[in-house]
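Below is the file protein_12.cif, which contains mmCIF, C-alpha atoms.
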data_query
#
loop_
_atom_site.label_atom_id
_atom_site.label_comp_id
_atom_site.auth_asym_id
_atom_site.auth_seq_id
_atom_site.Cartn_x
_atom_site.Cartn_y
_atom_site.Cartn_z
CA MET D 1 -81.62 -37.15 11.75
CA ALA D 2 -85.06 -38.24 12.96
CA ASP D 3 -85.43 -41.77 14.41
CA VAL D 4 -87.51 -42.83 11.40
CA PRO D 5 -85.96 -41.52 8.15
CA VAL D 6 -88.28 -39.23 6.24
CA LYS D 7 -88.61 -37.99 2.67
CA ILE D 8 -89.92 -34.63 1.53
CA VAL D 9 -92.49 -34.58 -1.27
CA VAL D 10 -93.62 -31.26 -2.74
CA ASP D 11 -96.87 -31.64 -4.67
CA LEU D 12 -96.98 -28.63 -6.97
CA SER D 13 -100.59 -29.27 -7.95
CA LYS D 14 -101.64 -28.05 -4.49
CA PRO D 15 -101.91 -24.41 -3.36
CA LYS D 16 -98.84 -22.76 -1.85
CA GLY D 17 -98.51 -23.55 1.84
CA GLU D 18 -100.12 -26.98 1.42
CA ARG D 19 -97.58 -28.55 -0.92
CA GLU D 20 -94.93 -30.02 1.36
CA SER D 21 -95.37 -33.45 2.93
CA ILE D 22 -92.84 -35.09 5.24
CA ILE D 23 -93.32 -38.83 4.88
CA PRO D 24 -91.64 -41.58 6.95
CA LEU D 25 -89.95 -44.23 4.82
CA THR D 26 -91.41 -47.71 4.66
CA LYS D 27 -89.28 -50.70 5.68
CA ALA D 28 -88.85 -51.60 2.00
CA GLU D 29 -87.64 -48.08 1.20
CA ILE D 30 -85.17 -48.20 4.09
CA ALA D 31 -83.80 -51.54 2.87
CA GLU D 32 -83.48 -50.24 -0.69
CA ARG D 33 -81.71 -47.14 0.56
CA ASP D 34 -79.23 -49.20 2.60
CA ALA D 35 -78.44 -51.33 -0.45
CA MET D 36 -77.97 -48.20 -2.55
CA ALA D 37 -75.52 -46.79 0.00
CA VAL D 38 -73.41 -49.95 -0.11
CA GLN D 39 -73.32 -49.84 -3.90
CA ALA D 40 -72.46 -46.12 -3.95
CA GLU D 41 -69.57 -46.67 -1.55
CA ALA D 42 -68.26 -49.54 -3.66
CA GLU D 43 -68.43 -47.36 -6.78
CA ARG D 44 -66.67 -44.52 -5.00
CA VAL D 45 -63.82 -46.79 -3.86
CA GLU D 46 -63.54 -48.23 -7.36
CA GLN D 47 -63.38 -44.77 -8.96
CA GLU D 48 -60.78 -43.57 -6.48
CA ALA D 49 -58.65 -46.65 -7.13
CA ALA D 50 -58.89 -46.13 -10.90
CA ALA D 51 -57.95 -42.45 -10.57
CA GLN D 52 -54.98 -43.31 -8.34
CA ALA D 53 -53.83 -46.04 -10.73
CA LEU D 54 -53.84 -43.53 -13.58
CA LEU D 55 -51.85 -41.02 -11.53
CA ASP D 56 -49.34 -43.74 -10.63
CA LEU D 57 -49.01 -44.73 -14.27
CA LYS D 58 -48.40 -41.13 -15.32
CA ALA D 59 -45.81 -40.67 -12.59
CA SER D 60 -44.02 -43.82 -13.70
CA ALA D 61 -44.08 -42.70 -17.35
CA LYS D 62 -42.69 -39.29 -16.40
CA ALA D 63 -39.90 -40.81 -14.30
CA LYS D 64 -38.90 -43.15 -17.13
CA LEU D 65 -38.90 -40.33 -19.67
CA ILE D 66 -36.62 -38.25 -17.47
CA ALA D 67 -34.32 -41.25 -16.94
CA GLY D 68 -34.33 -42.09 -20.65
CA GLU D 69 -35.86 -45.52 -20.10
CA ALA D 70 -38.36 -47.34 -22.31
CA LEU D 71 -42.03 -46.91 -21.47
CA THR D 72 -44.56 -49.72 -21.43
CA ALA D 73 -47.46 -49.41 -23.88
CA GLU D 74 -49.78 -48.68 -20.95
CA GLU D 75 -47.52 -45.85 -19.76
CA ALA D 76 -47.22 -44.42 -23.26
CA GLU D 77 -51.05 -44.37 -23.52
CA THR D 78 -51.18 -41.87 -20.67
CA LEU D 79 -49.08 -39.41 -22.68
CA VAL D 80 -50.84 -39.64 -26.03
CA ILE D 81 -53.84 -37.35 -26.53
CA MET M 1 -88.01 -11.53 -23.03
CA ALA M 2 -87.35 -14.35 -20.59
CA VAL M 3 -89.40 -14.44 -17.43
CA LYS M 4 -88.03 -16.57 -14.63
CA SER M 5 -90.37 -17.35 -11.76
CA LEU M 6 -89.96 -19.40 -8.61
CA ILE M 7 -92.20 -22.45 -8.50
CA GLU M 8 -91.24 -23.60 -4.99
CA THR M 9 -88.42 -23.69 -2.46
CA VAL M 10 -87.90 -26.48 0.05
CA THR M 11 -85.76 -26.16 3.16
CA VAL M 12 -84.89 -29.33 5.04
CA GLY M 13 -85.97 -29.27 8.67
CA ALA M 14 -84.24 -30.22 11.89
CA GLY M 15 -84.73 -33.97 11.41
CA GLY M 16 -82.97 -34.09 8.03
CA ALA M 17 -84.42 -35.84 5.01
CA THR M 18 -83.52 -38.87 2.89
CA SER M 19 -84.82 -37.31 -0.33
CA ILE M 20 -86.62 -34.36 -1.88
CA GLU M 21 -89.19 -34.71 -4.64
CA PHE M 22 -90.98 -32.10 -6.70
CA ALA M 23 -94.16 -33.68 -8.06
CA ALA M 24 -96.79 -32.41 -10.52
CA ILE M 25 -94.42 -29.86 -12.07
CA PRO M 26 -96.50 -27.31 -14.02
CA GLN M 27 -96.15 -27.72 -17.79
CA ASP M 28 -96.56 -24.06 -18.73
CA GLY M 29 -92.85 -23.16 -18.82
CA VAL M 30 -90.15 -23.73 -21.44
CA ASP M 31 -87.04 -24.33 -19.32
CA LEU M 32 -86.56 -25.40 -15.72
CA VAL M 33 -83.85 -24.17 -13.37
CA LEU M 34 -83.04 -26.16 -10.25
CA LYS M 35 -80.84 -24.66 -7.55
CA VAL M 36 -79.64 -27.00 -4.83
CA SER M 37 -77.64 -25.95 -1.79
CA ALA M 38 -76.93 -29.08 0.14
CA ARG M 39 -74.95 -30.73 2.88
CA ARG M 40 -74.92 -34.38 3.87
CA ASP M 41 -74.36 -36.31 7.08
CA ALA M 42 -72.14 -38.74 5.17
CA ALA M 43 -68.64 -38.59 3.72
CA SER M 44 -69.55 -38.84 0.04
CA PRO M 45 -70.92 -35.99 -2.08
CA GLY M 46 -73.19 -37.49 -4.73
CA ILE M 47 -76.87 -36.63 -5.06
CA GLU M 48 -78.77 -38.71 -7.59
CA LEU M 49 -81.20 -36.72 -9.73
CA THR M 50 -83.91 -38.53 -11.67
CA PHE M 51 -86.91 -37.36 -13.67
CA ASN M 52 -90.34 -39.00 -13.45
CA SER M 53 -88.69 -41.65 -11.19
CA ASP M 54 -87.06 -43.07 -14.30
CA ALA M 55 -83.69 -44.76 -13.76
CA THR M 56 -82.51 -45.10 -17.36
CA ASP M 57 -80.82 -43.17 -20.15
CA TYR M 58 -78.90 -40.42 -18.36
CA SER M 59 -75.56 -39.34 -19.79
CA HIS M 60 -73.05 -36.62 -19.02
CA ARG M 61 -69.75 -35.11 -20.01
CA THR M 62 -68.09 -33.27 -17.15
CA LEU M 63 -65.08 -30.99 -16.83
CA ARG M 64 -64.03 -30.78 -13.21
CA GLY M 65 -61.45 -29.24 -10.97
CA ILE M 66 -60.70 -31.28 -7.88
CA THR M 67 -57.91 -29.75 -5.83
CA PRO M 68 -55.20 -29.89 -7.09
CA ASN M 69 -56.09 -31.59 -10.42
CA VAL M 70 -58.24 -30.91 -13.46
CA SER M 71 -59.89 -33.80 -15.25
CA SER M 72 -62.85 -34.83 -17.34
CA ILE M 73 -65.25 -37.70 -16.99
CA SER M 74 -68.21 -38.95 -18.96
CA GLY M 75 -70.85 -41.65 -18.84
CA THR M 76 -73.80 -42.95 -20.80
CA GLY M 77 -76.76 -45.16 -19.99
CA ASN M 78 -76.63 -44.15 -16.37
CA ALA M 79 -79.44 -44.58 -13.87
CA TYR M 80 -79.27 -40.95 -12.74
CA PHE M 81 -77.62 -37.57 -13.19
CA ILE M 82 -75.29 -36.42 -10.43
CA LEU M 83 -75.41 -33.26 -8.31
CA PHE M 84 -73.20 -32.60 -5.31
CA ALA M 85 -73.45 -31.83 -1.60
CA ASN M 86 -70.92 -30.76 0.97
CA LEU M 87 -69.72 -33.68 3.07
CA SER M 88 -70.12 -34.15 6.79
CA THR M 89 -66.34 -33.81 7.03
CA ASN M 90 -66.27 -30.37 5.35
CA THR M 91 -66.18 -27.06 7.19
CA ALA M 92 -69.13 -26.84 9.58
CA ASN M 93 -72.27 -25.14 8.28
CA THR M 94 -71.07 -24.94 4.68
CA PHE M 95 -73.27 -26.03 1.80
CA SER M 96 -72.67 -26.82 -1.87
CA SER M 97 -74.05 -24.77 -4.74
CA ASN M 98 -75.64 -26.50 -7.76
CA ALA M 99 -77.31 -24.68 -10.66
CA LEU M 100 -78.99 -26.94 -13.20
CA THR M 101 -80.80 -25.73 -16.32
CA ILE M 102 -83.08 -28.16 -18.15
CA SER M 103 -84.09 -27.05 -21.63
CA ASN M 104 -87.54 -27.68 -23.11
CA TYR M 105 -88.64 -29.83 -20.19
CA ALA M 106 -92.22 -30.18 -21.38
CA SER M 107 -91.36 -31.11 -24.95
CA SER M 108 -91.22 -34.53 -26.58
CA ALA M 109 -87.53 -34.14 -27.42
CA ALA M 110 -84.71 -35.63 -25.34
CA LYS M 111 -83.92 -33.33 -22.42
CA SER M 112 -80.54 -31.58 -22.43
CA MET M 113 -79.11 -30.05 -19.26
CA SER M 114 -76.23 -27.91 -18.10
CA LEU M 115 -74.88 -28.00 -14.57
CA ASP M 116 -72.55 -25.73 -12.58
CA VAL M 117 -71.37 -26.98 -9.19
CA VAL M 118 -69.03 -25.93 -6.42
CA TYR M 119 -68.28 -27.19 -2.95
CA GLU M 120 -65.25 -26.67 -0.81
CA ASN M 121 -63.60 -27.40 2.51
CA ASN M 122 -62.06 -24.54 4.44
CA ALA M 123 -59.87 -23.34 1.54
CA GLU M 124 -57.96 -26.66 1.57
CA PHE M 125 -60.07 -28.51 -0.94
CA GLY M 126 -62.38 -27.36 -3.69
CA TYR M 127 -64.51 -29.13 -6.24
CA GLN M 128 -65.97 -27.26 -9.18
CA SER M 129 -67.41 -28.65 -12.36
CA ILE M 130 -69.41 -27.86 -15.40
CA ALA M 131 -71.36 -30.64 -17.02
CA ALA M 132 -73.40 -31.22 -20.12
CA GLY M 133 -76.16 -33.71 -19.44
CA LEU M 134 -78.88 -35.54 -21.26
CA TRP M 135 -81.95 -37.49 -20.26
CA ASN M 136 -82.64 -39.40 -23.46
CA ASP M 137 -86.37 -39.68 -23.00
CA THR M 138 -89.27 -38.09 -24.87
CA ALA M 139 -91.61 -37.82 -21.88
CA ALA M 140 -92.32 -34.37 -20.48
CA ILE M 141 -90.71 -33.88 -17.09
CA THR M 142 -93.52 -33.94 -14.53
CA SER M 143 -91.51 -34.75 -11.41
CA LEU M 144 -87.92 -34.78 -10.21
CA GLN M 145 -86.26 -36.65 -7.38
CA LEU M 146 -83.11 -35.80 -5.43
CA VAL M 147 -81.64 -38.69 -3.43
CA PRO M 148 -78.27 -38.67 -1.63
CA GLN M 149 -76.17 -41.69 -2.55
CA SER M 150 -75.64 -42.32 1.13
CA GLY M 151 -76.71 -40.55 4.29
CA ASN M 152 -79.24 -37.72 4.40
CA PHE M 153 -79.72 -34.09 3.59
CA VAL M 154 -79.07 -32.12 6.77
CA GLN M 155 -81.06 -29.19 8.13
CA TYR M 156 -80.96 -25.99 6.05
CA SER M 157 -80.25 -27.81 2.79
CA THR M 158 -82.45 -26.20 0.16
CA ALA M 159 -83.83 -26.98 -3.28
CA SER M 160 -85.51 -24.31 -5.39
CA LEU M 161 -87.30 -24.97 -8.67
CA TYR M 162 -87.86 -22.18 -11.20
CA LYS M 163 -89.50 -22.10 -14.58
CA ILE M 164 -88.57 -19.85 -17.47
CA LYS M 165 -91.05 -18.55 -20.02
CA TYR M 166 -90.29 -16.51 -23.12
CA ASP M 167 -92.52 -13.75 -24.41
#
For the structure just supplied, provide its representation as C-alpha coordinates.
Amino acid sequence: MADVPVKIVVDLSKPKGERESIIPLTKAEIAERDAMAVQAEAERVEQEAAAQALLDLKASAKAKLIAGEALTAEEAETLVI
Amino acid sequence: MAVKSLIETVTVGAGGATSIEFAAIPQDGVDLVLKVSARRDAASPGIELTFNSDATDYSHRTLRGITPNVSSISGTGNAYFILFANLSTNTANTFSSNALTISNYASSAAKSMSLDVVYENNAEFGYQSIAAGLWNDTAAITSLQLVPQSGNFVQYSTASLYKIKYD
(Lines of atoms letter the chains of each structure in order from A and count residues from 1; the text may use other names and numbers.)
(Lines give C-alpha, C1' and ligand atoms only; values in the text may rest on other atoms or scores of the structure.)
Protein backbone atom coordinates (compact mmCIF):
# COMPACT_ATOMS: atom_id res chain seq x y z
CA MET A 1 0.00 0.00 0.00
CA ALA A 2 1.25 3.49 -0.82
CA ASP A 3 2.27 5.78 2.08
CA VAL A 4 -0.73 8.02 1.44
CA PRO A 5 -3.87 5.94 0.77
CA VAL A 6 -5.36 6.58 -2.64
CA LYS A 7 -8.73 6.09 -4.31
CA ILE A 8 -9.39 5.32 -7.97
CA VAL A 9 -12.01 7.38 -9.77
CA VAL A 10 -13.01 6.46 -13.32
CA ASP A 11 -14.79 9.35 -15.04
CA LEU A 12 -16.70 7.74 -17.89
CA SER A 13 -17.56 11.08 -19.47
CA LYS A 14 -13.93 11.37 -20.60
CA PRO A 15 -12.34 9.62 -23.61
CA LYS A 16 -10.81 6.18 -23.09
CA GLY A 17 -7.26 6.43 -21.78
CA GLU A 18 -8.02 9.65 -19.88
CA ARG A 19 -10.67 8.33 -17.50
CA GLU A 20 -8.72 6.98 -14.53
CA SER A 21 -7.56 9.26 -11.73
CA ILE A 22 -5.61 8.10 -8.69
CA ILE A 23 -6.39 10.54 -5.91
CA PRO A 24 -4.76 10.69 -2.44
CA LEU A 25 -7.29 10.68 0.40
CA THR A 26 -7.80 13.81 2.46
CA LYS A 27 -7.26 13.69 6.23
CA ALA A 28 -11.03 13.75 6.72
CA GLU A 29 -11.47 10.79 4.37
CA ILE A 30 -8.75 8.85 6.20
CA ALA A 31 -10.43 9.51 9.55
CA GLU A 32 -13.82 8.45 8.18
CA ARG A 33 -12.30 5.30 6.75
CA ASP A 34 -10.66 4.40 10.08
CA ALA A 35 -13.99 4.84 11.87
CA MET A 36 -15.71 2.69 9.26
CA ALA A 37 -13.15 -0.09 9.77
CA VAL A 38 -13.75 -0.11 13.52
CA GLN A 39 -17.50 -0.33 12.98
CA ALA A 40 -17.14 -3.09 10.37
CA GLU A 41 -14.98 -5.15 12.72
CA ALA A 42 -17.49 -4.72 15.53
CA GLU A 43 -20.31 -5.85 13.23
CA ARG A 44 -18.29 -8.84 12.07
CA VAL A 45 -17.59 -9.94 15.66
CA GLU A 46 -21.25 -9.47 16.55
CA GLN A 47 -22.42 -11.53 13.56
CA GLU A 48 -19.96 -14.32 14.31
CA ALA A 49 -21.09 -14.42 17.93
CA ALA A 50 -24.75 -14.59 16.88
CA ALA A 51 -24.03 -17.39 14.40
CA GLN A 52 -22.08 -19.34 17.02
CA ALA A 53 -24.84 -18.86 19.59
CA LEU A 54 -27.36 -20.29 17.14
CA LEU A 55 -25.13 -23.29 16.43
CA ASP A 56 -24.71 -23.87 20.16
CA LEU A 57 -28.45 -23.68 20.68
CA LYS A 58 -29.08 -26.19 17.90
CA ALA A 59 -26.46 -28.55 19.30
CA SER A 60 -28.03 -28.34 22.73
CA ALA A 61 -31.51 -28.99 21.29
CA LYS A 62 -30.23 -32.00 19.36
CA ALA A 63 -28.49 -33.45 22.41
CA LYS A 64 -31.63 -33.07 24.53
CA LEU A 65 -33.80 -34.68 21.86
CA ILE A 66 -31.50 -37.67 21.68
CA ALA A 67 -31.46 -37.93 25.48
CA GLY A 68 -35.23 -37.54 25.69
CA GLU A 69 -35.02 -34.37 27.76
CA ALA A 70 -37.30 -31.34 27.61
CA LEU A 71 -36.22 -28.49 25.36
CA THR A 72 -36.39 -24.83 26.31
CA ALA A 73 -38.62 -22.64 24.15
CA GLU A 74 -35.51 -21.03 22.66
CA GLU A 75 -34.10 -24.44 21.71
CA ALA A 76 -37.41 -25.56 20.23
CA GLU A 77 -37.47 -22.39 18.06
CA THR A 78 -34.33 -23.58 16.30
CA LEU A 79 -36.13 -26.74 15.14
CA VAL A 80 -39.38 -25.22 13.94
CA ILE A 81 -39.45 -23.98 10.34
CA MET B 1 -31.02 -9.50 -29.24
CA ALA B 2 -28.98 -8.45 -26.22
CA VAL B 3 -25.74 -6.62 -26.86
CA LYS B 4 -23.31 -6.53 -23.98
CA SER B 5 -20.43 -4.08 -24.24
CA LEU B 6 -17.58 -3.23 -21.91
CA ILE B 7 -17.72 0.32 -20.60
CA GLU B 8 -14.43 0.22 -18.66
CA THR B 9 -12.09 -2.03 -16.71
CA VAL B 10 -9.96 -0.87 -13.80
CA THR B 11 -6.96 -2.77 -12.48
CA VAL B 12 -5.52 -1.71 -9.14
CA GLY B 13 -1.87 -0.76 -9.30
CA ALA B 14 1.13 -1.61 -7.15
CA GLY B 15 0.21 0.84 -4.38
CA GLY B 16 -3.24 -0.64 -3.76
CA ALA B 17 -6.38 1.46 -3.49
CA THR B 18 -8.89 2.33 -0.78
CA SER B 19 -11.83 2.49 -3.20
CA ILE B 20 -12.91 2.34 -6.83
CA GLU B 21 -15.55 4.61 -8.30
CA PHE B 22 -17.18 4.63 -11.71
CA ALA B 23 -18.55 8.13 -12.32
CA ALA B 24 -20.68 9.57 -15.13
CA ILE B 25 -22.04 6.16 -16.14
CA PRO B 26 -23.55 6.45 -19.64
CA GLN B 27 -27.35 6.30 -19.61
CA ASP B 28 -27.83 4.62 -22.98
CA GLY B 29 -28.00 1.01 -21.71
CA VAL B 30 -30.81 -0.98 -20.10
CA ASP B 31 -28.95 -3.20 -17.63
CA LEU B 32 -25.53 -2.94 -16.01
CA VAL B 33 -23.20 -5.83 -15.24
CA LEU B 34 -20.40 -5.34 -12.75
CA LYS B 35 -17.65 -7.94 -12.43
CA VAL B 36 -15.30 -7.60 -9.49
CA SER B 37 -12.27 -9.78 -8.87
CA ALA B 38 -10.77 -8.61 -5.63
CA ARG B 39 -8.37 -9.30 -2.83
CA ARG B 40 -7.83 -7.30 0.34
CA ASP B 41 -4.91 -6.63 2.66
CA ALA B 42 -7.22 -7.21 5.63
CA ALA B 43 -8.82 -10.24 7.23
CA SER B 44 -12.46 -9.43 6.46
CA PRO B 45 -14.13 -9.90 3.08
CA GLY B 46 -16.83 -7.23 2.73
CA ILE B 47 -16.85 -4.64 -0.03
CA GLU B 48 -19.51 -1.96 0.31
CA LEU B 49 -21.26 -1.08 -2.93
CA THR B 50 -23.26 2.14 -3.17
CA PHE B 51 -24.94 3.96 -6.05
CA ASN B 52 -24.74 7.73 -6.54
CA SER B 53 -22.90 7.86 -3.15
CA ASP B 54 -26.25 7.20 -1.49
CA ALA B 55 -26.10 5.33 1.82
CA THR B 56 -29.77 4.45 2.28
CA ASP B 57 -32.40 1.91 1.25
CA TYR B 58 -30.38 -1.16 0.25
CA SER B 59 -31.84 -4.58 0.99
CA HIS B 60 -30.89 -8.15 0.21
CA ARG B 61 -31.86 -11.76 0.64
CA THR B 62 -28.90 -14.09 0.40
CA LEU B 63 -28.46 -17.85 0.20
CA ARG B 64 -24.90 -18.76 1.08
CA GLY B 65 -22.63 -21.71 1.51
CA ILE B 66 -19.86 -21.15 4.01
CA THR B 67 -17.79 -24.28 4.53
CA PRO B 68 -19.20 -26.50 5.97
CA ASN B 69 -22.65 -24.89 6.45
CA VAL B 70 -25.47 -23.53 4.32
CA SER B 71 -27.51 -20.61 5.57
CA SER B 72 -29.55 -17.62 4.53
CA ILE B 73 -29.43 -14.03 5.64
CA SER B 74 -31.37 -10.91 4.80
CA GLY B 75 -31.44 -7.22 5.61
CA THR B 76 -33.38 -4.09 4.81
CA GLY B 77 -32.70 -0.38 5.13
CA ASN B 78 -28.98 -0.97 4.83
CA ALA B 79 -26.41 1.68 3.98
CA TYR B 80 -24.86 -0.44 1.22
CA PHE B 81 -24.99 -3.68 -0.74
CA ILE B 82 -22.23 -6.20 -0.05
CA LEU B 83 -19.74 -7.78 -2.45
CA PHE B 84 -16.80 -9.92 -1.39
CA ALA B 85 -13.02 -10.06 -1.69
CA ASN B 86 -10.47 -12.69 -0.85
CA LEU B 87 -8.81 -12.05 2.50
CA SER B 88 -5.16 -11.37 3.16
CA THR B 89 -5.08 -14.72 4.97
CA ASN B 90 -6.34 -16.69 1.94
CA THR B 91 -4.11 -18.55 -0.50
CA ALA B 92 -1.56 -16.15 -1.99
CA ASN B 93 -2.47 -14.48 -5.28
CA THR B 94 -6.08 -15.68 -5.27
CA PHE B 95 -8.96 -13.31 -5.94
CA SER B 96 -12.72 -13.46 -5.44
CA SER B 97 -15.24 -13.50 -8.27
CA ASN B 98 -18.36 -11.29 -8.10
CA ALA B 99 -20.93 -10.95 -10.89
CA LEU B 100 -23.63 -8.37 -10.27
CA THR B 101 -26.47 -7.59 -12.68
CA ILE B 102 -28.46 -4.39 -12.15
CA SER B 103 -31.72 -4.23 -14.08
CA ASN B 104 -33.08 -1.04 -15.63
CA TYR B 105 -30.39 1.13 -14.07
CA ALA B 106 -31.42 4.29 -15.90
CA SER B 107 -35.12 4.00 -15.12
CA SER B 108 -37.16 5.72 -12.43
CA ALA B 109 -38.15 2.40 -10.85
CA ALA B 110 -36.42 0.91 -7.80
CA LYS B 111 -33.28 -0.95 -8.89
CA SER B 112 -33.25 -4.73 -8.49
CA MET B 113 -30.01 -6.70 -8.56
CA SER B 114 -28.75 -10.25 -8.61
CA LEU B 115 -25.34 -11.26 -7.33
CA ASP B 116 -23.21 -14.40 -7.67
CA VAL B 117 -20.06 -14.62 -5.55
CA VAL B 118 -17.32 -17.09 -4.78
CA TYR B 119 -14.07 -16.95 -2.87
CA GLU B 120 -12.04 -19.72 -1.36
CA ASN B 121 -8.93 -20.62 0.57
CA ASN B 122 -6.76 -23.44 -0.70
CA ALA B 123 -9.59 -25.99 -0.87
CA GLU B 124 -10.07 -25.76 2.91
CA PHE B 125 -12.67 -23.04 2.97
CA GLY B 126 -15.13 -21.80 0.40
CA TYR B 127 -17.77 -19.11 0.36
CA GLN B 128 -20.37 -18.98 -2.37
CA SER B 129 -23.62 -17.09 -2.42
CA ILE B 130 -26.43 -15.91 -4.57
CA ALA B 131 -28.27 -12.80 -3.54
CA ALA B 132 -31.30 -10.85 -4.59
CA GLY B 133 -30.78 -7.16 -3.95
CA LEU B 134 -32.67 -3.92 -4.16
CA TRP B 135 -31.75 -0.26 -4.09
CA ASN B 136 -35.12 1.29 -3.31
CA ASP B 137 -34.50 4.57 -5.06
CA THR B 138 -36.00 6.09 -8.19
CA ALA B 139 -32.88 7.95 -9.31
CA ALA B 140 -31.04 6.69 -12.36
CA ILE B 141 -27.70 5.16 -11.45
CA THR B 142 -25.02 7.59 -12.59
CA SER B 143 -22.14 6.42 -10.43
CA LEU B 144 -21.15 3.47 -8.28
CA GLN B 145 -18.65 3.17 -5.46
CA LEU B 146 -16.78 0.11 -4.18
CA VAL B 147 -15.23 0.51 -0.73
CA PRO B 148 -13.63 -2.28 1.33
CA GLN B 149 -15.02 -2.39 4.86
CA SER B 150 -11.47 -2.40 6.15
CA GLY B 151 -8.07 -2.41 4.52
CA ASN B 152 -7.48 -1.85 0.81
CA PHE B 153 -7.82 -3.45 -2.57
CA VAL B 154 -4.46 -5.01 -3.42
CA GLN B 155 -2.65 -4.92 -6.76
CA TYR B 156 -4.33 -6.81 -9.62
CA SER B 157 -7.82 -6.48 -8.15
CA THR B 158 -10.11 -5.58 -11.03
CA ALA B 159 -13.54 -4.08 -11.59
CA SER B 160 -15.22 -4.19 -14.99
CA LEU B 161 -18.45 -2.40 -15.86
CA TYR B 162 -20.59 -3.52 -18.80
CA LYS B 163 -23.84 -2.26 -20.20
CA ILE B 164 -26.48 -4.34 -21.93
CA LYS B 165 -28.73 -3.04 -24.70
CA TYR B 166 -31.59 -4.87 -26.38
CA ASP B 167 -32.42 -4.55 -30.05
Report task. Starting from the displayed file, determine the output of the PyMOL selection byres ((chain D) within 6 of (chain M)) and express the residue list as a ChimeraX atom specification. Result -> /D:1-2,6-13,37,40
Report task. Evaluate the PyMOL selection byres ((chain M and resi 82) around 9) here and jot the selected residues down as a ChimeraX atom specification. Result -> /M:46-50,60,80-81,83-84
Report summary line: note - CA of Ile141 (chain M) and CA of Gln27 (chain M) are separated by 8.2 Å
Query raised in the report: For Leu6 (chain M), which residue among D:Ala70, D:Lys16, D:Val80, D:Val4 is the nearest when counting only C-alpha atoms?
Result: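 Checking each of D:Ala70, D:Lys16, D:Val80, D:Val4 against Leu6 (chain M), counting only C-alpha atoms, the winner is D:Lys16.
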Query raised in the report: Using only C-alpha atoms, can you list as a ChimeraX atom specification the residues within 12 Å of (-75.2, -24.0, -6.4)?
Result: /M:33-39,83-86,94-101,115-120,127-130,157-160
Query raised in the report: CA of Ala42 (chain M) to CA of Leu144 (chain M): how many Å, to one decimal?
Result: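 It comes out at 22.4 Å.
Here CA of Val30 (chain M) and CA of Ile102 (chain M) stand 9.0 Å from one another.
Under the PyMOL selection byres ((chain M and resi 72-78) around 10), the matching residues in the shown file are Ala55, Thr56, Asp57, Tyr58, Ser59, His60, Arg61, Thr62, Leu63, Arg64, Gly65, Val70, Ser71, Ala79, Tyr80, Phe81, Ile82, Ser129, Ile130, Ala131, Ala132, Gly133, Leu134, Trp135 and Asn136 of chain M.
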Exercise on region 64-72 of chain D, axis-aligned box with 6 Å per side, report centre and edge lengths in Å to one decimal, as lines of an AutoDock Vina configuration file:
center_x = -39.4
center_y = -44.0
center_z = -19.6
size_x = 22.2
size_y = 23.5
size_z = 17.4
Report task. Find the residues around Ala51 (chain D) up to 12 Å (only C-alpha atoms counted), leave out those fewer than 3 positions away in its own chain, and share them as number ranges by chain. Result -> D: 44-48, 54-58; M: 66, 69-73
Any chance you can output those residues with C-alpha atoms as an mmCIF file, keeping the file's coordinate frame?
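Full text of again.cif as output:
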data_model
loop_
_atom_site.group_PDB
_atom_site.id
_atom_site.type_symbol
_atom_site.label_atom_id
_atom_site.label_comp_id
_atom_site.auth_asym_id
_atom_site.auth_seq_id
_atom_site.Cartn_x
_atom_site.Cartn_y
_atom_site.Cartn_z
ATOM 1 C CA ARG D 44 -66.670 -44.520 -5.000
ATOM 2 C CA VAL D 45 -63.820 -46.790 -3.860
ATOM 3 C CA GLU D 46 -63.540 -48.230 -7.360
ATOM 4 C CA GLN D 47 -63.380 -44.770 -8.960
ATOM 5 C CA GLU D 48 -60.780 -43.570 -6.480
ATOM 6 C CA LEU D 54 -53.840 -43.530 -13.580
ATOM 7 C CA LEU D 55 -51.850 -41.020 -11.530
ATOM 8 C CA ASP D 56 -49.340 -43.740 -10.630
ATOM 9 C CA LEU D 57 -49.010 -44.730 -14.270
ATOM 10 C CA LYS D 58 -48.400 -41.130 -15.320
ATOM 11 C CA ILE M 66 -60.700 -31.280 -7.880
ATOM 12 C CA ASN M 69 -56.090 -31.590 -10.420
ATOM 13 C CA VAL M 70 -58.240 -30.910 -13.460
ATOM 14 C CA SER M 71 -59.890 -33.800 -15.250
ATOM 15 C CA SER M 72 -62.850 -34.830 -17.340
ATOM 16 C CA ILE M 73 -65.250 -37.700 -16.990
#
